[in-house]
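Source file: start22.cif (mmCIF, C-alpha atoms)
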data_structure
loop_
_atom_site.label_atom_id
_atom_site.label_comp_id
_atom_site.auth_asym_id
_atom_site.auth_seq_id
_atom_site.Cartn_x
_atom_site.Cartn_y
_atom_site.Cartn_z
CA MET A 249 0.57 18.55 -4.14
CA PRO A 250 2.59 16.01 -6.18
CA ASP A 251 0.83 12.96 -7.53
CA PHE A 252 2.13 10.07 -5.41
CA ALA A 253 -0.02 7.38 -7.04
CA PRO A 254 2.25 4.44 -7.94
CA SER A 255 2.40 3.67 -11.64
CA VAL A 256 5.31 1.32 -12.36
CA PRO A 257 4.59 -2.39 -12.93
CA ASP A 258 5.58 -4.71 -10.06
CA GLY A 259 4.40 -7.95 -11.63
CA SER A 260 1.08 -8.26 -9.78
CA ASP A 261 -1.62 -5.65 -10.36
CA GLY A 262 0.41 -3.31 -12.54
CA VAL A 263 1.81 -0.88 -9.96
CA ASP A 264 5.06 -0.61 -8.04
CA LEU A 265 4.24 0.52 -4.52
CA CYS A 266 7.91 1.18 -3.72
CA ALA A 267 8.63 3.55 -6.62
CA PRO A 268 6.96 6.72 -5.23
CA PHE A 269 9.06 6.58 -2.05
CA LEU A 270 12.28 6.41 -4.08
CA LEU A 271 11.11 9.16 -6.42
CA HIS A 272 10.11 11.73 -3.80
CA LEU A 273 12.39 10.96 -0.83
CA PRO A 274 16.17 11.00 -0.20
CA VAL A 275 16.39 7.24 0.40
CA ASN A 276 18.24 4.41 -1.35
CA GLY A 277 15.70 1.64 -0.96
CA ALA A 278 12.15 0.76 0.00
CA ALA A 279 10.10 -2.31 0.85
CA VAL A 280 6.38 -2.63 1.49
CA SER A 281 5.24 -5.41 3.81
CA MET A 282 1.68 -6.39 4.55
CA PHE A 283 0.33 -7.88 7.77
CA GLY A 284 -2.94 -9.59 8.62
CA GLY A 285 -5.45 -11.90 7.02
CA ALA A 286 -4.47 -14.34 4.29
CA SER A 287 -1.45 -12.22 3.43
CA ALA A 288 0.06 -12.00 6.92
CA GLU A 289 3.74 -11.03 7.02
CA THR A 290 4.04 -10.68 3.23
CA LEU A 291 6.68 -8.72 1.33
CA VAL A 292 4.53 -7.04 -1.32
CA CYS A 293 7.32 -5.16 -3.13
CA SER A 294 11.00 -4.34 -2.77
CA SER A 295 13.27 -1.93 -4.63
CA GLY A 296 16.26 -4.27 -4.54
CA ALA A 297 18.33 -6.89 -2.77
CA ILE A 298 19.26 -4.71 0.22
CA ALA A 299 15.65 -3.70 0.87
CA THR A 300 14.57 -7.33 0.62
CA ARG A 301 17.30 -8.45 3.01
CA LEU A 302 16.40 -5.71 5.52
CA ASP A 303 12.78 -6.83 5.53
CA GLU A 304 13.72 -10.51 5.76
CA LEU A 305 16.13 -9.94 8.66
CA GLN A 306 13.50 -8.17 10.75
CA PHE A 307 10.90 -10.81 9.89
CA ASP A 308 13.25 -13.68 10.72
CA LEU A 309 14.58 -12.17 13.96
CA GLY A 310 11.28 -10.77 15.21
CA GLU A 311 12.87 -7.47 16.21
CA GLY A 312 13.53 -4.11 14.63
CA PRO A 313 11.83 -0.83 13.71
CA ARG A 314 9.17 -2.52 11.54
CA TRP A 315 7.73 -4.22 14.63
CA GLU A 316 7.92 -1.00 16.66
CA ALA A 317 6.05 0.90 13.95
CA ALA A 318 3.42 -1.84 13.69
CA ARG A 319 2.94 -1.89 17.46
CA THR A 320 2.76 1.88 18.03
CA ARG A 321 1.16 2.81 14.67
CA LEU A 322 3.72 5.63 14.51
CA PRO A 323 6.77 6.25 12.29
CA VAL A 324 10.06 4.91 13.63
CA LEU A 325 13.05 6.94 12.43
CA VAL A 326 16.56 5.58 12.93
CA PRO A 327 19.05 8.03 11.31
CA ASP A 328 22.03 5.93 12.41
CA VAL A 329 21.56 2.19 12.92
CA HIS A 330 24.84 2.01 14.86
CA SER A 331 23.57 4.37 17.56
CA PRO A 332 21.87 2.54 20.48
CA LEU A 333 19.51 5.43 21.23
CA PRO A 334 16.58 5.79 21.44
CA TYR A 335 16.00 2.19 20.29
CA SER A 336 18.02 -0.95 20.83
CA TRP A 337 17.81 -4.07 18.68
CA PRO A 338 21.11 -5.82 19.46
CA VAL A 339 20.66 -8.88 17.25
CA LEU A 340 19.39 -6.90 14.27
CA SER A 341 22.10 -4.25 14.68
CA LYS A 342 24.75 -6.94 14.47
CA ALA A 343 23.15 -8.49 11.39
CA LEU A 344 22.91 -5.10 9.65
CA GLU A 345 26.70 -4.70 9.65
CA LYS A 346 26.92 -6.83 6.48
CA THR A 347 24.06 -5.19 4.59
CA GLY A 348 25.29 -1.63 4.00
CA VAL A 349 22.19 -0.16 5.65
CA ALA A 350 23.07 2.95 7.67
CA ALA A 351 19.65 4.51 8.37
CA ILE A 352 16.12 3.10 8.52
CA PHE A 353 12.78 4.88 8.42
CA VAL A 354 9.60 2.85 8.89
CA PHE A 355 6.09 4.20 8.38
CA PRO A 356 2.94 2.26 9.32
CA LEU A 357 0.38 1.56 6.62
CA LYS A 358 -3.08 2.06 8.06
CA VAL A 359 -6.58 3.05 7.05
CA GLY A 360 -8.53 4.31 10.04
CA ALA A 361 -8.37 1.63 12.72
CA LEU A 362 -7.23 -0.99 10.20
CA ASP A 363 -3.52 -1.88 10.25
CA LEU A 364 -2.28 -3.15 6.88
CA GLY A 365 1.49 -3.24 7.21
CA VAL A 366 4.57 -1.04 7.01
CA VAL A 367 6.90 0.56 4.50
CA GLU A 368 10.59 0.23 5.32
CA LEU A 369 12.89 2.88 3.85
CA HIS A 370 16.66 2.84 4.15
CA ARG A 371 19.73 4.88 3.35
CA THR A 372 23.28 3.65 2.86
CA THR A 373 24.66 6.68 4.68
CA PRO A 374 23.55 7.99 8.11
CA GLY A 375 21.19 10.93 8.16
CA SER A 376 17.73 12.10 9.18
CA LEU A 377 14.63 12.81 7.14
CA SER A 378 13.63 16.46 7.21
CA THR A 379 10.23 17.45 8.55
CA SER A 380 9.11 18.00 4.97
CA ASP A 381 10.38 14.56 3.93
CA GLN A 382 8.55 12.96 6.84
CA SER A 383 5.32 14.63 5.78
CA THR A 384 5.83 13.47 2.21
CA ALA A 385 6.52 9.91 3.36
CA ALA A 386 3.36 9.95 5.46
CA VAL A 387 1.27 11.09 2.46
CA ILE A 388 2.73 8.36 0.22
CA ALA A 389 2.20 5.80 2.98
CA ASP A 390 -1.48 6.79 3.16
CA GLU A 391 -1.83 6.35 -0.61
CA THR A 392 -0.08 2.99 -0.38
CA ALA A 393 -2.35 1.81 2.45
CA TRP A 394 -5.46 2.62 0.43
CA HIS A 395 -4.04 0.83 -2.59
CA LEU A 396 -3.31 -2.27 -0.50
CA LEU A 397 -6.79 -2.19 0.96
CA ARG A 398 -8.33 -2.07 -2.51
CA ARG A 399 -6.08 -4.92 -3.58
CA VAL A 400 -7.08 -7.09 -0.62
CA LEU A 401 -10.77 -6.42 -1.11
CA SER A 402 -10.46 -7.51 -4.74
CA VAL A 403 -8.92 -10.86 -3.78
CA ASN A 404 -11.24 -13.76 -3.00
CA SER A 405 -10.41 -16.85 -0.95
CA PRO A 406 -6.72 -17.73 -1.54
CA ASP A 407 -7.61 -21.43 -1.28
CA THR A 408 -10.18 -21.42 -4.09
CA ASP A 409 -9.47 -18.46 -6.37
CA PRO A 410 -6.84 -19.30 -9.03
CA THR A 411 -6.36 -15.60 -9.83
CA VAL A 412 -5.18 -14.70 -6.33
CA ASP A 413 -2.19 -12.38 -6.26
CA THR A 414 0.79 -14.68 -5.76
CA ALA A 415 2.84 -11.88 -4.22
CA LEU A 416 0.39 -11.71 -1.31
CA MET A 417 0.83 -15.43 -0.69
CA SER A 418 4.65 -15.51 -0.81
CA ARG A 419 4.99 -16.40 2.87
CA ARG A 420 2.10 -18.80 3.08
CA GLU A 421 4.46 -21.73 3.66
CA ILE A 422 5.71 -20.07 6.85
CA HIS A 423 2.19 -19.88 8.24
CA GLN A 424 1.56 -23.51 7.27
CA ALA A 425 4.75 -24.54 9.04
CA THR A 426 3.75 -22.50 12.09
CA GLY A 427 0.52 -24.48 12.26
CA MET A 428 2.46 -27.74 12.11
CA VAL A 429 4.85 -26.62 14.86
CA LEU A 430 1.85 -25.54 16.95
CA ALA A 431 0.47 -29.08 16.72
CA GLN A 432 3.84 -30.75 17.28
CA ALA A 433 4.86 -28.72 20.32
CA GLY A 434 1.39 -28.21 21.81
CA THR A 435 1.97 -24.47 22.06
CA THR A 436 0.34 -21.24 20.89
CA ALA A 437 0.70 -19.81 17.39
CA ALA A 438 2.92 -16.98 18.66
CA GLU A 439 5.17 -19.43 20.50
CA ALA A 440 5.30 -21.74 17.47
CA LEU A 441 6.52 -18.90 15.27
CA LEU A 442 9.06 -17.99 17.95
CA LEU A 443 10.38 -21.57 17.87
CA LEU A 444 10.76 -21.36 14.10
CA ARG A 445 12.59 -18.03 14.35
CA ALA A 446 14.90 -19.29 17.10
CA HIS A 447 15.83 -22.40 15.11
CA ALA A 448 16.43 -20.38 11.94
CA PHE A 449 18.70 -17.95 13.78
CA ALA A 450 20.62 -20.72 15.56
CA LYS A 451 21.27 -22.55 12.28
CA ALA A 452 22.01 -19.36 10.26
CA ARG A 453 19.11 -20.08 7.92
CA THR A 454 16.22 -17.98 6.72
CA LEU A 455 12.78 -18.49 8.19
CA ARG A 456 11.53 -19.70 4.82
CA GLU A 457 14.21 -22.40 4.65
CA THR A 458 13.32 -23.57 8.15
CA ALA A 459 9.61 -23.60 7.33
CA ASP A 460 10.32 -25.69 4.24
CA GLU A 461 12.17 -28.25 6.39
CA VAL A 462 9.12 -28.53 8.63
CA LEU A 463 6.75 -28.89 5.68
CA GLN A 464 8.98 -31.55 4.11
CA GLY A 465 9.14 -33.50 7.38
CA ARG A 466 12.88 -32.99 7.83
CA LEU A 467 12.44 -30.94 11.00
CA SER A 468 10.09 -31.61 13.90
CA PHE A 469 9.45 -29.71 17.11
CA ALA A 470 7.63 -32.63 18.76
CA PRO A 471 8.80 -33.44 22.33
CA HIS A 472 11.61 -35.95 22.72
CA ARG A 473 10.34 -39.26 24.01
CA GLU A 474 12.86 -39.29 26.82
CA ALA A 475 11.76 -35.84 27.96
CA PRO A 476 7.96 -35.69 27.64
CA GLY A 477 6.45 -32.23 27.66
CA ARG A 478 9.52 -30.36 26.43
CA PRO A 479 9.67 -29.18 22.81
CA GLY A 480 12.68 -30.60 21.03
CA LEU A 481 14.28 -30.34 17.62
CA GLN A 482 14.56 -33.59 15.72
#
Show the structure stored in the file as structure tokens.
Amino acid sequence: MPDFAPSVPDGSDGVDLCAPFLLHLPVNGAAVSMFGGASAETLVCSSGAIATRLDELQFDLGEGPRWEAARTRLPVLVPDVHSPLPYSWPVLSKALEKTGVAAIFVFPLKVGALDLGVVELHRTTPGSLSTSDQSTAAVIADETAWHLLRRVLSVNSPDTDPTVDTALMSRREIHQATGMVLAQAGTTAAEALLLLRAHAFAKARTLRETADEVLQGRLSFAPHREAPGRPGLQ
């Protein structure tokens, strides 16, 4: 069996978790995202601008194969993003028209009952992964999941440890902004994040830009005074 252990520097702990997918699979790009704990919704590595944009679009819009894979804990294979079957993500499909992404393959990253994230693979031309390629992707995904688990276990409190991996904290501002929106709108954390996503989409901004506006006090979701009880954008 080939050695799938990542070995190329990614600027954090000396390995590039995306490289093995590109080396052993017929794909054009890869991105590894991590969910849960202090590093919730974090882009750990990306092979390039398109892979980064694909991950960011799904994160911002809250729809797409990455969420399906995370929910089902099963691979989600989309050989042609312009085909509505068997999945349908209308907003994402429209947004993908400007990215050059033609096919997406998402594999969950899990260790036993522990869900760590997903790897998002894409091709710039339509086409399926063979059964052999799917098996290879699953093996690499398992290796990646174990590597992420070891990385997380080696990281102490992100609030007190100055050596914490900055890549794992790259979306911390979004979670801070979500907490502020939660307090402003008197809603749940899930609903607060949904408000942030909706505003970002409506204003054609990224979720990070919207979160920064909240953190800087330029955007508030507190209810309008003339309409108590209803979340408003100020």
Run the PyMOL selection byres ((chain A and resi 320-337) around 7) on the file and write out the hits as a PyMOL selection string. chain A and resi 311-313+316-319+338-341+350-356+374-376
Using only C-alpha atoms - which residues lie no farther than 9 Å from the point (14.0, 0.9, 5.1) in the file's frame? Write them as a PyMOL selection string. chain A and resi 275-279+299+302-303+314+349+351-354+367-371
Return as a ChimeraX atom specification the set of residues that the PyMOL selection byres ((chain A and resi 392-398) around 7) yields on the displayed structure. /A:265,357-359,364,388-391,399-402
Could you turn the residues from that selection into a file that holds C-alpha atoms, as a CSV table (one decimal), keeping the file's coordinate frame?
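Output below, filename selection-v2.csv:
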chain,number,residue,atom,x,y,z
A,265,LEU,CA,4.2,0.5,-4.5
A,357,LEU,CA,0.4,1.6,6.6
A,358,LYS,CA,-3.1,2.1,8.1
A,359,VAL,CA,-6.6,3.0,7.0
A,364,LEU,CA,-2.3,-3.2,6.9
A,388,ILE,CA,2.7,8.4,0.2
A,389,ALA,CA,2.2,5.8,3.0
A,390,ASP,CA,-1.5,6.8,3.2
A,391,GLU,CA,-1.8,6.4,-0.6
A,399,ARG,CA,-6.1,-4.9,-3.6
A,400,VAL,CA,-7.1,-7.1,-0.6
A,401,LEU,CA,-10.8,-6.4,-1.1
A,402,SER,CA,-10.5,-7.5,-4.7
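Distance-wise, CA of Val366 (chain A) and CA of Glu439 (chain A) end up 22.8 Å apart.
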Interatomic distance between CA of Asp308 (chain A) and CA of Ala446 (chain A)?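 CA of Ala446 (chain A) lies at a distance of 8.7 Å from CA of Asp308 (chain A).
Restricting the calculation to all atoms listed in the file, the smallest distance between His272 (chain A) and any of A:Ser380, A:Thr373, A:Thr300, A:Thr347 is found for A:Ser380.
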Take CA of Pro274 (chain A) and CA of Ile298 (chain A) and report the distance between them in Å, one decimal.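 About the pair CA of Pro274 (chain A) and CA of Ile298 (chain A): they are 16.0 Å apart.
For the residues A:Val263, A:Val387, A:Val292, A:Leu442, ranking by smallest atom-to-atom distance to Gly310 (chain A) using all atoms listed in the file places A:Leu442 first.
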